[in-house]
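Undergrad: Below are the structure tokens for one structure; questions will follow.
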Amino acid sequence: MSRRQQRKLIAQATRDLEDLLTPGSTYRDVCEAVRTLMERYMQRPVLVDYATLQDITGVTALLADGRCVVVVAAFDRWSQRLLVLLHEFAHYLLGHMPAAVDPQDTPHQIAPHLSPRLVQILASRSACVEESDEHAAEQLADELFERTERRLEQEPEDEPPVSDSLARVAESLRAGLNSRGPRR
Ligand SMILES: [Zn+2]
């Protein structure tokens with residue numbers, strides 16, 4: 001994929017994601033919207049599994065039967081889960097190859113609830129990813145997350161505009177909420 005095609009793909013994905021959201025959407029709704037988009041773009045079934053993970057927050061794998069599985073750390077907050085899911089989606093949009101899972105690794109695996117052994121295998125493979133790829137995915141995920149937040153916070157059109165001082169209070173509250181811990 002050329003850089004130009006890639007920029008087009010990212011712009012398209014951003015628009016498609018925004019189209020799936022309304023001001024009433026919850027972070028959980030957005031996670032489902034992202035899964036739907038991944039399915040549409042990858043043209044294969046995409047399963048998202050929220051599980052307890054060690055050392056990593058998320059990983060994507062292609063199963064031998066053609067399905068894609070995204071394992072996301074089961075954070076309490078759906079906003080954190082969304083950020084991880086967007087990070088995995090970003091890897092796809094940037095053309096990074098997900099780990100392929102050997103049929104021998106997954107004799108009876110069907111998400112949800114991959115075995116801890118399989119998750120460990122996937123984690124060790126994702127540890128080989130280039131640092132620059134991680135950085136690019138992180139940036140794109142942040143961008144998609146911010147756009148999503150803006151979309152969720154949009155005022156319905158018939159509401160009176162918020163006064164300037166109120167808007168500033170909301171802004172500073174949001175800045176406080178946005179401070180997040182490190183992630184991969
Ligand atoms: Zn990553």
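Following the order of the structure tokens, chains are lettered A, B, ..., residues in each are numbered from 1, and ligands are numbered from 1.
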Neighbours of ligand 1 within 8 Å, counting only C-alpha atoms and all ligand atoms, as an MDAnalysis selection string?
TA: chainID A and resid 58:59 87:88 91 126 129 133:135 137:138 184
Undergrad: I'd like the contact shell of Arg77 in chain A - 12 Å cut-off, only C-alpha atoms, skipping same-chain residues fewer than 6 positions apart - returned as an MDAnalysis selection string.
TA: chainID A and resid 26:28 31 50 83:84 180
Undergrad: Which residues come within 8 Å of Leu17 in chain A, counting only C-alpha atoms, excluding same-chain residues fewer than 4 positions away, as a PyMOL selection string?
TA: chain A and resi 13+21+33-34+37+148
Undergrad: Residues of the last selection are to be written out with C-alpha atoms, as a compact mmCIF listing (two decimals), in the first residue's frame.
TA:
```
# COMPACT_ATOMS: atom_id res chain seq x y z
CA ALA A 13 -11.88 4.99 8.34
CA LEU A 21 -21.54 7.32 16.21
CA ALA A 33 -18.68 0.15 16.01
CA VAL A 34 -14.93 -0.32 15.71
CA LEU A 37 -15.61 -1.38 10.88
CA THR A 148 -14.58 9.88 18.81
```
Undergrad: Just how far from CA of Gln6 in chain A is CA of Phe145 in chain A, in Å to one decimal?
TA: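 According to the coordinates, CA of Phe145 in chain A and CA of Gln6 in chain A are separated by 18.7 Å.
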Undergrad: Got a sec: who's within 9 Å of Arg147 in chain A, counting only C-alpha atoms, leaving out chain neighbours fewer than 5 positions off, as a VMD selection string?
TA: chain A and resid 14 18 142 152
Undergrad: Write a file of the just-selected residues containing C-alpha atoms, as a tab-separated table (two decimals), in the first residue's frame.
TA:
```tsv
chain	number	residue	atom	x	y	z
A	14	THR	CA	-12.15	8.16	10.41
A	18	GLU	CA	-17.79	9.06	12.91
A	142	ASP	CA	-5.02	8.79	19.92
A	152	LEU	CA	-19.76	11.84	21.55
```
Undergrad: With only C-alpha atoms as the counted atoms, please give the residues lying no more than 9 Å from range 73-76 of chain A, apart from itself and same-chain residues fewer than 2 positions off, as JSON, numbers by chain.
TA: {"A": [49, 50, 51, 52, 53, 54, 56, 57, 58, 71, 78, 79, 80, 81, 84]}
Undergrad: Would you mind exporting the chosen residues as a tab-separated table (two decimals), in the first residue's frame, restricted to N, CA and C atoms?
TA:
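That gives us part.tsv:
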```
chain	number	residue	atom	x	y	z
A	49	ASP	N	-12.25	-10.04	22.08
A	49	ASP	CA	-12.29	-10.79	23.33
A	49	ASP	C	-11.68	-9.92	24.42
A	50	TYR	N	-12.44	-9.65	25.48
A	50	TYR	CA	-11.92	-8.88	26.60
A	50	TYR	C	-11.44	-9.87	27.66
A	51	ALA	N	-10.17	-9.85	27.94
A	51	ALA	CA	-9.59	-10.87	28.81
A	51	ALA	C	-8.53	-10.27	29.71
A	52	THR	N	-8.18	-11.03	30.74
A	52	THR	CA	-7.09	-10.61	31.63
A	52	THR	C	-5.78	-10.87	30.91
A	53	LEU	N	-5.00	-9.85	30.73
A	53	LEU	CA	-3.73	-9.99	30.02
A	53	LEU	C	-2.59	-9.59	30.94
A	54	GLN	N	-1.44	-10.21	30.68
A	54	GLN	CA	-0.25	-9.83	31.44
A	54	GLN	C	0.73	-9.16	30.50
A	56	ILE	N	0.83	-6.99	28.37
A	56	ILE	CA	0.36	-6.25	27.19
A	56	ILE	C	-1.08	-5.81	27.43
A	57	THR	N	-1.54	-4.85	26.61
A	57	THR	CA	-2.93	-4.40	26.76
A	57	THR	C	-3.80	-4.91	25.62
A	58	GLY	N	-3.17	-5.34	24.51
A	58	GLY	CA	-3.99	-5.83	23.42
A	58	GLY	C	-3.14	-6.54	22.38
A	71	VAL	N	-7.66	-9.45	21.07
A	71	VAL	CA	-7.80	-9.63	22.51
A	71	VAL	C	-7.44	-8.30	23.17
A	78	TRP	N	-14.66	1.34	29.89
A	78	TRP	CA	-14.80	1.05	28.46
A	78	TRP	C	-13.99	2.02	27.62
A	79	SER	N	-13.74	3.22	28.14
A	79	SER	CA	-12.94	4.18	27.36
A	79	SER	C	-11.52	3.63	27.18
A	80	GLN	N	-11.00	2.94	28.21
A	80	GLN	CA	-9.66	2.36	28.10
A	80	GLN	C	-9.65	1.18	27.13
A	81	ARG	N	-10.72	0.37	27.21
A	81	ARG	CA	-10.82	-0.75	26.27
A	81	ARG	C	-10.86	-0.22	24.84
A	84	VAL	N	-7.49	0.76	23.46
A	84	VAL	CA	-6.70	-0.40	23.06
A	84	VAL	C	-7.21	-0.95	21.72
```
Undergrad: Which distance in Å separates CA of Ile10 in chain A and CA of Leu144 in chain A, to one decimal?
TA: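 So the answer is 9.5 Å.
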Undergrad: Report as a list in words all protein, DNA and RNA residues lying within 8 Å of Val69 in chain A, evaluated on only C-alpha atoms, omitting residues in the same chain fewer than 4 positions from it.
TA: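 Counting only C-alpha atoms, the residues come to Val46, Leu47, Val48, Asp49, Thr60, Ala61, Leu62, Leu63 and Ala111 of chain A.
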Undergrad: Report, in Å to a single decimal, how far apart CA of Gln5 in chain A and CA of Arg67 in chain A are.
TA: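 Taking CA of Arg67 in chain A and CA of Gln5 in chain A, their separation equals 24.6 Å.
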